[in-house]
>>> print(open('target_4.txt').read())   # compact mmCIF, C-alpha atoms
# COMPACT_ATOMS: atom_id res chain seq x y z
CA MET C 1 7.43 -7.51 -7.96
CA THR C 2 9.72 -7.86 -4.93
CA TYR C 3 10.81 -4.22 -5.33
CA ASP C 4 7.14 -3.23 -5.08
CA VAL C 5 6.79 -5.18 -1.86
CA LEU C 6 9.94 -3.58 -0.44
CA PHE C 7 8.69 -0.11 -1.35
CA ASP C 8 5.29 -0.81 0.22
CA LEU C 9 6.86 -2.16 3.40
CA GLY C 10 9.12 0.89 3.64
CA LEU C 11 6.18 3.20 3.03
CA ALA C 12 4.07 1.48 5.69
CA GLY C 13 6.98 1.63 8.15
CA VAL C 14 7.57 5.36 7.60
CA LEU C 15 3.82 5.99 7.85
CA ILE C 16 3.57 4.25 11.22
CA ALA C 17 6.68 6.06 12.47
CA ILE C 18 5.28 9.46 11.49
CA ALA C 19 1.90 8.62 13.03
CA ALA C 20 3.66 7.69 16.26
CA GLY C 21 5.69 10.91 16.04
CA ALA C 22 2.51 12.95 15.63
CA VAL C 23 0.93 11.29 18.68
CA PHE C 24 3.97 11.52 20.96
CA ALA C 25 5.30 14.94 19.86
CA ARG C 26 5.59 17.43 22.71
CA GLY C 27 4.32 20.59 21.07
CA ALA C 28 1.09 21.02 19.14
CA PHE C 29 2.99 22.61 16.23
CA VAL C 30 5.40 19.70 15.73
CA SER C 31 2.52 17.28 16.06
CA LEU C 32 0.56 19.13 13.38
CA VAL C 33 3.43 19.29 10.92
CA LEU C 34 3.90 15.53 11.33
CA PHE C 35 0.16 15.06 10.83
CA MET C 36 0.32 16.98 7.53
CA ILE C 37 3.29 14.89 6.35
CA TYR C 38 1.28 11.84 7.36
CA GLY C 39 -1.55 13.02 5.09
CA LEU C 40 0.80 13.41 2.12
CA LEU C 41 2.36 9.98 2.65
CA LEU C 42 -1.09 8.46 3.03
CA ALA C 43 -1.89 9.86 -0.42
CA ILE C 44 1.03 7.83 -1.82
CA VAL C 45 -0.45 4.77 -0.10
CA TRP C 46 -3.77 5.42 -1.88
CA VAL C 47 -1.93 5.69 -5.20
CA ARG C 48 -0.30 2.32 -4.47
CA LEU C 49 -3.81 0.94 -3.93
CA SER C 50 -4.82 2.42 -7.34
CA ALA C 51 -7.32 4.76 -5.65
CA VAL C 52 -6.10 7.95 -7.29
CA ASP C 53 -9.35 9.83 -6.56
CA VAL C 54 -8.94 9.16 -2.86
CA ALA C 55 -5.25 10.10 -3.08
CA LEU C 56 -6.12 13.51 -4.54
CA THR C 57 -8.72 14.11 -1.84
CA GLU C 58 -6.33 13.00 0.87
CA THR C 59 -3.65 15.41 -0.36
CA ALA C 60 -6.07 18.31 -0.65
CA ILE C 61 -8.10 17.72 2.52
CA GLY C 62 -5.92 15.58 4.80
CA GLY C 63 -2.64 17.31 4.02
CA GLY C 64 -3.92 20.76 3.11
CA VAL C 65 -7.18 22.11 4.50
CA THR C 66 -7.27 20.04 7.71
CA GLY C 67 -3.68 21.02 8.38
CA MET C 68 -4.51 24.71 7.99
CA LEU C 69 -7.61 24.41 10.20
CA LEU C 70 -5.60 22.68 12.92
CA LEU C 71 -2.74 25.19 12.67
CA GLY C 72 -5.28 27.99 13.14
CA ALA C 73 -6.71 26.15 16.15
CA ALA C 74 -3.22 25.64 17.61
CA SER C 75 -2.31 29.31 17.32
CA ARG C 76 -5.60 30.23 19.02
CA LEU C 77 -4.82 27.77 21.82
CA ARG C 78 -1.36 29.29 22.26
CA ALA C 79 -2.98 32.72 22.64
CA THR C 80 -5.10 31.41 25.54
CA LYS C 81 -2.25 29.66 27.32
CA GLY C 82 -2.79 28.87 30.98
CA THR C 83 -6.47 28.02 30.67
CA VAL C 84 -5.77 24.57 29.23
CA ALA C 85 -5.93 21.96 31.96
CA LYS C 86 -4.02 18.73 31.48
CA ALA C 87 -6.13 15.59 31.65
CA GLY C 88 -5.75 13.65 34.90
CA PHE C 89 -4.21 10.20 35.13
CA PRO C 90 -7.53 8.26 35.24
CA ALA C 91 -8.79 10.07 32.14
CA ARG C 92 -5.59 9.33 30.25
CA LEU C 93 -5.71 5.70 31.38
CA ALA C 94 -9.30 5.40 30.16
CA ALA C 95 -8.41 7.01 26.81
CA GLY C 96 -5.46 4.65 26.38
CA ALA C 97 -7.57 1.61 27.25
CA LEU C 98 -10.25 2.71 24.80
CA CYS C 99 -7.68 3.13 22.02
CA ILE C 100 -6.28 -0.36 22.69
CA LEU C 101 -9.80 -1.83 22.63
CA VAL C 102 -10.60 -0.14 19.32
CA SER C 103 -7.28 -1.32 17.83
CA ILE C 104 -7.94 -4.90 18.93
CA ALA C 105 -11.49 -4.78 17.55
CA LEU C 106 -10.21 -3.40 14.22
CA GLY C 107 -7.53 -6.08 14.10
CA ILE C 108 -10.12 -8.82 14.66
CA VAL C 109 -12.37 -7.37 11.96
CA VAL C 110 -9.52 -7.16 9.44
CA TYR C 111 -8.46 -10.71 10.30
CA ALA C 112 -12.03 -11.95 9.81
CA LEU C 113 -12.42 -10.41 6.34
CA PRO C 114 -13.42 -12.95 3.71
CA GLU C 115 -10.73 -14.12 1.31
CA VAL C 116 -12.61 -12.77 -1.72
CA PRO C 117 -14.31 -9.54 -0.68
CA PRO C 118 -17.92 -9.07 -1.77
CA THR C 119 -17.91 -6.28 -4.34
CA LEU C 120 -20.35 -4.26 -6.40
CA ALA C 121 -17.59 -3.00 -8.67
CA PRO C 122 -18.42 -5.14 -11.74
CA MET C 123 -22.07 -4.06 -11.59
CA ALA C 124 -21.07 -0.43 -11.14
CA LYS C 125 -18.77 -0.60 -14.16
CA GLU C 126 -21.34 -2.40 -16.30
CA ASN C 127 -24.00 0.29 -15.93
CA LEU C 128 -21.63 3.25 -15.97
CA ALA C 129 -21.92 3.77 -19.71
CA SER C 130 -25.59 4.77 -19.46
CA SER C 131 -24.64 7.83 -17.37
CA GLY C 132 -22.11 9.03 -19.95
CA LEU C 133 -19.35 9.18 -17.30
CA GLY C 134 -15.99 7.47 -17.70
CA ASN C 135 -14.74 7.61 -14.11
CA PRO C 136 -16.41 4.93 -11.96
CA VAL C 137 -15.77 7.00 -8.81
CA ALA C 138 -17.72 9.93 -10.27
CA GLY C 139 -20.41 7.40 -11.22
CA VAL C 140 -20.72 6.22 -7.63
CA LEU C 141 -20.74 9.78 -6.27
CA PHE C 142 -23.25 11.28 -8.67
CA VAL C 143 -25.36 8.39 -9.92
CA TYR C 144 -25.48 5.44 -7.54
CA ARG C 145 -25.01 7.33 -4.26
CA ALA C 146 -26.06 10.82 -5.27
CA LEU C 147 -28.04 11.30 -2.05
CA ASP C 148 -24.91 10.71 0.05
CA THR C 149 -23.02 13.26 -2.03
CA LEU C 150 -25.79 15.82 -1.62
CA LEU C 151 -25.92 15.32 2.15
CA GLU C 152 -22.13 15.53 2.34
CA LYS C 153 -22.20 19.03 0.85
CA VAL C 154 -24.95 20.07 3.26
CA VAL C 155 -22.83 18.77 6.16
CA LEU C 156 -19.99 20.98 4.92
CA LEU C 157 -22.31 23.99 5.13
CA LEU C 158 -23.39 22.93 8.62
CA ALA C 159 -19.74 22.82 9.64
CA LEU C 160 -19.35 26.40 8.46
CA VAL C 161 -22.45 27.42 10.42
CA GLY C 162 -20.82 25.76 13.43
CA VAL C 163 -17.64 27.81 12.97
CA TRP C 164 -19.62 31.02 12.49
CA SER C 165 -21.67 30.34 15.60
CA LEU C 166 -18.47 30.86 17.64
CA ALA C 167 -18.66 34.56 16.80
CA GLN C 168 -19.30 37.10 19.51
CA ASP C 169 -22.59 38.96 19.17
CA ARG C 170 -21.04 42.29 18.24
CA ALA C 171 -18.96 40.71 15.46
CA TRP C 172 -21.85 38.82 13.87
CA GLY C 173 -22.06 39.51 10.17
CA GLY C 174 -18.55 40.94 10.23
CA MET C 175 -15.28 39.80 8.73
CA PRO C 176 -13.53 36.53 9.65
CA GLY C 177 -10.34 36.93 11.64
CA LEU C 178 -8.04 35.35 9.06
CA ARG C 179 -4.46 36.37 9.79
CA VAL C 180 -3.25 38.50 6.91
CA TYR C 181 0.32 39.55 6.23
CA ALA C 182 -0.15 43.02 4.90
CA GLN C 183 3.35 44.00 3.88
CA PRO C 184 3.10 45.87 0.60
CA ASN C 185 6.27 44.55 -1.06
CA SER C 186 6.27 41.15 0.57
CA ILE C 187 7.26 38.13 -1.46
CA LEU C 188 3.88 36.65 -0.48
CA VAL C 189 2.19 39.32 -2.62
CA PHE C 190 4.27 38.16 -5.57
CA LEU C 191 3.21 34.55 -4.99
CA ALA C 192 -0.43 35.61 -4.67
CA GLN C 193 -0.16 37.35 -8.02
CA VAL C 194 1.66 34.59 -9.89
CA LEU C 195 0.11 31.41 -8.55
CA PRO C 196 -3.69 31.95 -8.81
CA PRO C 197 -3.91 31.86 -12.64
CA VAL C 198 -2.12 28.49 -12.54
CA GLY C 199 -4.09 27.24 -9.53
CA ILE C 200 -7.47 28.28 -10.89
CA THR C 201 -6.73 26.51 -14.17
CA VAL C 202 -5.69 23.37 -12.27
CA GLY C 203 -8.80 23.55 -10.06
CA ILE C 204 -11.17 23.85 -13.01
CA TYR C 205 -9.31 21.11 -14.87
CA MET C 206 -9.62 18.78 -11.87
CA PHE C 207 -13.37 19.25 -11.74
CA TRP C 208 -13.71 18.91 -15.53
CA ALA C 209 -11.47 15.84 -15.78
CA GLY C 210 -13.39 14.27 -12.88
CA ALA C 211 -16.08 12.95 -15.21
CA ASN C 212 -13.70 10.61 -17.00
CA ARG C 213 -10.52 10.48 -14.96
CA PRO C 214 -9.52 10.89 -11.31
CA GLY C 215 -10.54 14.28 -10.00
CA GLY C 216 -13.81 15.98 -9.20
CA ALA C 217 -15.64 18.75 -7.41
CA PHE C 218 -14.03 18.25 -4.03
CA GLN C 219 -10.43 18.21 -5.24
CA GLY C 220 -10.97 21.09 -7.66
CA GLY C 221 -12.85 23.12 -5.06
CA THR C 222 -10.04 22.68 -2.56
CA VAL C 223 -7.48 24.04 -5.01
CA LEU C 224 -9.74 27.04 -5.71
CA ALA C 225 -10.11 27.59 -1.95
CA ALA C 226 -6.33 27.56 -1.55
CA MET C 227 -5.93 30.20 -4.26
CA TRP C 228 -8.57 32.45 -2.69
CA LEU C 229 -6.97 32.10 0.74
CA LEU C 230 -3.58 33.00 -0.71
CA VAL C 231 -4.99 36.15 -2.28
CA MET C 232 -6.74 37.12 0.99
CA MET C 233 -3.66 36.41 3.11
CA ALA C 234 -1.48 38.61 0.90
CA ARG C 235 -4.26 41.19 1.23
CA LEU C 236 -4.73 41.66 -2.49
CA ARG C 237 -8.43 41.22 -1.72
CA GLU C 238 -10.15 41.79 1.61
CA VAL C 239 -11.73 38.93 3.51
CA PRO C 240 -15.47 39.31 2.80
CA ALA C 241 -17.98 39.96 5.58
CA ILE C 242 -20.02 36.84 6.19
CA ASP C 243 -23.32 38.65 5.67
CA ALA C 244 -22.37 39.74 2.14
CA LEU C 245 -25.07 38.56 -0.22
CA TRP C 246 -22.65 37.19 -2.83
CA VAL C 247 -20.90 35.09 -0.20
CA ARG C 248 -24.16 33.52 0.91
CA GLN C 249 -25.21 32.92 -2.70
CA LEU C 250 -21.93 31.22 -3.63
CA LEU C 251 -22.15 29.06 -0.49
CA VAL C 252 -25.56 27.63 -1.36
CA VAL C 253 -25.43 27.62 -5.17
CA GLY C 254 -23.92 24.11 -5.36
CA PRO C 255 -26.25 22.25 -3.00
CA ALA C 256 -29.22 24.28 -4.33
CA ILE C 257 -28.62 23.36 -7.97
CA PHE C 258 -27.92 19.75 -7.05
CA LEU C 259 -31.16 19.66 -5.04
CA LEU C 260 -33.07 21.27 -7.92
CA ILE C 261 -31.76 18.68 -10.38
CA GLY C 262 -32.70 16.03 -7.84
CA LEU C 263 -36.26 17.36 -7.55
CA LEU C 264 -36.56 17.57 -11.34
CA GLY C 265 -35.86 13.85 -11.26
CA PHE C 266 -39.43 13.39 -9.96
CA VAL C 267 -40.79 15.03 -13.11
CA PHE C 268 -38.46 13.93 -15.90
CA ALA C 269 -37.18 10.61 -14.57
CA ASP C 270 -38.79 8.23 -12.13
CA SER C 271 -37.46 9.34 -8.75
CA PHE C 272 -35.54 11.84 -6.64
CA LEU C 273 -31.98 12.40 -7.93
CA ALA C 274 -32.64 10.25 -11.01
CA TYR C 275 -31.47 11.76 -14.28
CA PRO C 276 -33.36 11.59 -17.58
CA PRO C 277 -31.44 8.97 -19.60
CA ASP C 278 -30.31 11.21 -22.46
CA HIS C 279 -29.23 14.18 -20.37
CA ALA C 280 -27.46 12.51 -17.46
CA LYS C 281 -23.97 13.75 -18.19
CA PRO C 282 -24.72 17.45 -18.82
CA LEU C 283 -26.84 17.58 -15.66
CA ILE C 284 -24.09 15.94 -13.61
CA VAL C 285 -21.48 18.34 -14.99
CA ILE C 286 -23.70 21.36 -14.17
CA ALA C 287 -24.23 20.09 -10.62
CA GLU C 288 -20.52 19.42 -10.22
CA ALA C 289 -19.53 22.86 -11.53
CA ALA C 290 -21.82 24.56 -9.01
CA LEU C 291 -20.61 22.26 -6.24
CA THR C 292 -16.97 23.04 -7.06
CA ILE C 293 -17.62 26.75 -6.48
CA SER C 294 -19.58 26.17 -3.27
CA ILE C 295 -16.99 23.75 -1.88
CA GLY C 296 -14.21 26.21 -2.65
CA VAL C 297 -15.95 29.10 -0.89
CA THR C 298 -17.02 26.93 2.07
CA LEU C 299 -13.54 25.52 2.66
CA ALA C 300 -11.87 28.93 2.37
CA LEU C 301 -14.33 30.45 4.86
CA LEU C 302 -13.88 27.48 7.21
CA VAL C 303 -10.16 28.25 7.30
CA ALA C 304 -10.85 31.99 7.62
CA GLY C 305 -12.65 31.26 10.89
CA PRO C 306 -15.47 32.92 12.80
CA PRO C 307 -16.20 36.62 12.21
CA GLU C 308 -14.18 38.85 14.53
CA ARG C 309 -14.47 42.43 13.41
CA MET C 310 -17.19 44.58 11.89
CA ARG C 311 -16.94 46.20 8.51
CA GLN C 312 -15.32 49.62 8.65
CA MET P 1 19.36 3.29 -27.61
CA LYS P 2 16.74 2.31 -25.08
CA PHE P 3 19.49 0.88 -22.89
CA ALA P 4 21.51 4.10 -23.04
CA ILE P 5 18.44 6.14 -22.09
CA ASP P 6 17.74 3.88 -19.13
CA ILE P 7 21.33 4.20 -17.94
CA PHE P 8 21.07 7.99 -18.26
CA THR P 9 17.87 7.99 -16.18
CA ILE P 10 19.36 5.78 -13.48
CA VAL P 11 22.52 7.88 -13.18
CA VAL P 12 20.78 11.27 -13.15
CA VAL P 13 17.96 10.23 -10.79
CA SER P 14 20.52 8.68 -8.44
CA ALA P 15 22.41 11.98 -8.43
CA GLY P 16 19.12 13.70 -7.58
CA VAL P 17 18.49 11.28 -4.73
CA PHE P 18 22.02 12.02 -3.45
CA PHE P 19 21.18 15.73 -3.23
CA PHE P 20 17.92 14.88 -1.47
CA MET P 21 19.90 12.92 1.08
CA ALA P 22 22.56 15.60 1.49
CA GLY P 23 19.86 18.24 1.92
CA THR P 24 18.03 16.14 4.51
CA VAL P 25 21.22 15.56 6.48
CA GLY P 26 21.85 19.30 6.38
CA LEU P 27 18.30 20.01 7.52
CA LEU P 28 18.80 17.73 10.51
CA ARG P 29 22.36 18.70 11.40
CA PHE P 30 22.74 22.44 10.71
CA PRO P 31 22.56 24.69 13.74
CA ASP P 32 20.02 27.43 12.87
CA THR P 33 17.08 28.25 10.64
CA LEU P 34 18.96 30.09 7.90
CA THR P 35 21.56 27.37 7.34
CA ARG P 36 18.81 24.75 7.39
CA LEU P 37 16.96 26.69 4.70
CA HIS P 38 20.19 26.74 2.74
CA ALA P 39 20.32 22.94 2.92
CA LEU P 40 16.69 22.72 1.86
CA THR P 41 17.24 24.75 -1.32
CA LYS P 42 19.70 22.10 -2.50
CA VAL P 43 16.89 19.55 -2.29
CA ASP P 44 14.52 21.81 -4.22
CA ASN P 45 16.88 22.96 -6.92
CA LEU P 46 19.32 20.17 -7.60
CA GLY P 47 17.56 17.16 -6.11
CA LEU P 48 14.17 17.61 -7.74
CA GLY P 49 15.75 19.22 -10.82
CA LEU P 50 17.96 16.19 -11.49
CA ILE P 51 15.13 13.73 -10.84
CA VAL P 52 12.86 15.55 -13.30
CA PHE P 53 15.72 15.80 -15.80
CA GLY P 54 16.42 12.09 -15.47
CA LEU P 55 12.77 11.17 -15.90
CA LEU P 56 12.23 13.38 -18.96
CA PRO P 57 13.35 10.74 -21.53
CA GLN P 58 10.95 8.27 -19.88
CA ALA P 59 7.95 10.64 -20.11
CA GLN P 60 4.97 9.68 -22.21
CA GLY P 61 5.22 12.04 -25.16
CA LEU P 62 5.69 15.78 -25.18
CA LEU P 63 2.69 16.42 -22.90
CA GLY P 64 4.07 14.14 -20.21
CA ALA P 65 7.44 15.88 -20.38
CA LEU P 66 5.75 19.28 -20.11
CA LYS P 67 3.84 18.09 -17.05
CA LEU P 68 7.08 16.99 -15.39
CA LEU P 69 8.70 20.33 -16.20
CA SER P 70 5.75 22.31 -14.87
CA ILE P 71 5.89 20.35 -11.61
CA TRP P 72 9.53 21.35 -11.30
CA VAL P 73 8.77 25.02 -12.07
CA LEU P 74 5.91 25.14 -9.52
CA VAL P 75 8.00 23.53 -6.78
CA GLN P 76 10.85 25.96 -7.58
CA LEU P 77 8.50 28.91 -7.29
CA SER P 78 6.80 27.83 -4.06
CA GLY P 79 10.04 26.52 -2.53
CA ALA P 80 11.95 29.74 -3.13
CA ILE P 81 9.10 31.89 -1.83
CA VAL P 82 8.39 29.78 1.25
CA SER P 83 12.12 29.87 2.12
CA GLN P 84 12.01 33.67 1.87
CA LEU P 85 8.92 33.83 4.10
CA ILE P 86 10.45 31.56 6.74
CA ALA P 87 13.67 33.59 6.64
CA GLN P 88 11.66 36.81 7.06
CA ALA P 89 9.81 35.30 10.00
CA THR P 90 13.11 34.63 11.77
CA GLN P 91 14.11 38.28 11.38
CA ARG P 92 11.13 39.52 13.37
CA PRO P 93 11.94 40.55 16.93
CA GLY P 94 11.19 38.07 19.66
CA ARG P 95 11.68 35.02 17.49
CA GLN P 96 14.20 32.31 18.18
CA THR P 97 16.23 31.14 15.25
>>> encode(input="target_4.txt", output="structure tokens")
Amino acid sequence: MTYDVLFDLGLAGVLIAIAAGAVFARGAFVSLVLFMIYGLLLAIVWVRLSAVDVALTETAIGGGVTGMLLLGAASRLRATKGTVAKAGFPARLAAGALCILVSIALGIVVYALPEVPPTLAPMAKENLASSGLGNPVAGVLFVYRALDTLLEKVVLLLALVGVWSLAQDRAWGGMPGLRVYAQPNSILVFLAQVLPPVGITVGIYMFWAGANRPGGAFQGGTVLAAMWLLVMMARLREVPAIDALWVRQLLVVGPAIFLLIGLLGFVFADSFLAYPPDHAKPLIVIAEAALTISIGVTLALLVAGPPERMRQ
Amino acid sequence: MKFAIDIFTIVVVSAGVFFFMAGTVGLLRFPDTLTRLHALTKVDNLGLGLIVFGLLPQAQGLLGALKLLSIWVLVQLSGAIVSQLIAQATQRPGRQT
């Protein structure tokens, strides 16, 4: 027991130190690397809190995709050096004061938490069996709060539309400016040939296992996105133009099927996003399979960035 | 028997942790990118290898052991290739090592 406490204290200490390092680092690159390490350590914290689903998401999104997005942003910023103005002293003072205020408010809220937190967990567990799912997190995502999950996927698409809207007019509908390393005999090509079969299997397994164990569409989709990005970066496959029909179809297939199942709920069950009692699990698995694909394609294209060049 | 297995795990995992520490010290203290990469490979190969080896007898069944081994193989693969890529990047003109 005491060893656990020691480990947790050490973990929390390292986490705070790395967070401070990320904030105070001089260069954007160092700051970002520390941020990615922070994401990975945070995943261990979630495991310690027995929230393995969250830990997987944190590793995939917090450590992986967000890190890549920010690295892309940092290299773009470096290319436009000289146009970045440093914030003045009053602005920095205001930002600091705001941060302190938020920290104090959070501290007060945490201190005021009730001794025994109000929880819906027992109720959620009790009714889980009727959905046919074994993982309570999947139950919350696809049964109790299905509307939130649907909207979350739509928000992801909106984010991609936001990235695409940064395109210049002449490049619209063209290919994203993902940096590729096109050296024919590069070791990266070898990795991009060896790793995807493993990664795709892991991605599909994560989605499939998500019904009964930690995992799910988001984690699986992120792994698939990583594999696709690897293949594109090694230039084994070209980055697709954003107006390609198959790209658009894969982007919307997940939310569309989820929405369709939701609408069918009006007919075969009693409300929107309600499942007919005997077919809940197959419907959820179909929706999750489609969502895994859409999430994978969306995340990969988010990293690939706005279109920059037209098709040759 | 159980006691002997536990002792084996403790000794081998400790040896792995030692290589992790040595590699980290090297990463912090060595003067340039290539020597730092050299330090890092010790962590990947020996450090993680010994920890996985030490944990194998504690694994839950054959499947658990296979999972541990596949983690080691994947880290080996990615570690070796990423080291190569970083080393290549330092060879490009205009880069500081």
>>> interface_residues(input="target_4.txt", of="chain C", to="chain P", cutoff="9 Å", atoms="all atoms listed in the file", output="ChimeraX atom specification")
/C:186-188,190-191,195
>>> atom_distance(input="target_4.txt", atom1="atom CA of C:Val23", atom2="atom CA of C:Phe35")
8.7 Å
>>> residues_around(input="target_4.txt", residues="C:Leu34", least_positions_apart="3", cutoff="6 Å", atoms="only C-alpha atoms", output="list in words")
Ala22, Ser31 and Ile37 of chain C
>>> closest_residue(input="target_4.txt", among="P:Leu68, P:Leu27, P:Arg92, P:Leu34", to="P:Ile51", atoms="all atoms listed in the file")
P:Leu68
>>> atom_distance(input="target_4.txt", atom1="atom CA of C:Gly305", atom2="atom CA of C:Gly72")
8.4 Å
>>> residues_around(input="target_4.txt", residues="P:Gly16", least_positions_apart="6", cutoff="12 Å", atoms="all atoms listed in the file", output="list in words")
Thr9, Ile10, Ala22, Gly23, Lys42, Val43, Asp44, Asn45, Leu46, Gly47, Leu48, Gly49, Leu50, Ile51, Val52, Phe53, Gly54 and Leu55 of chain P
>>> atom_distance(input="target_4.txt", atom1="atom CA of C:Ala256", atom2="atom CA of C:Ile295")
12.5 Å
>>> residues_near_point(input="target_4.txt", point="(-10.7, 21.5, -17.5)", cutoff="12 Å", atoms="all atoms listed in the file", output="PyMOL selection string")
chain C and resi 199-213+215-217+220+285+289
>>> closest_residue(input="target_4.txt", among="P:Leu37, P:Ala4, P:Ala87, P:Val12", to="P:Leu56", atoms="all atoms listed in the file")
P:Val12
>>> closest_residue(input="target_4.txt", among="C:Leu160, C:Leu299, C:Leu93, C:Ala20", to="C:Val223", atoms="only C-alpha atoms")
C:Leu299
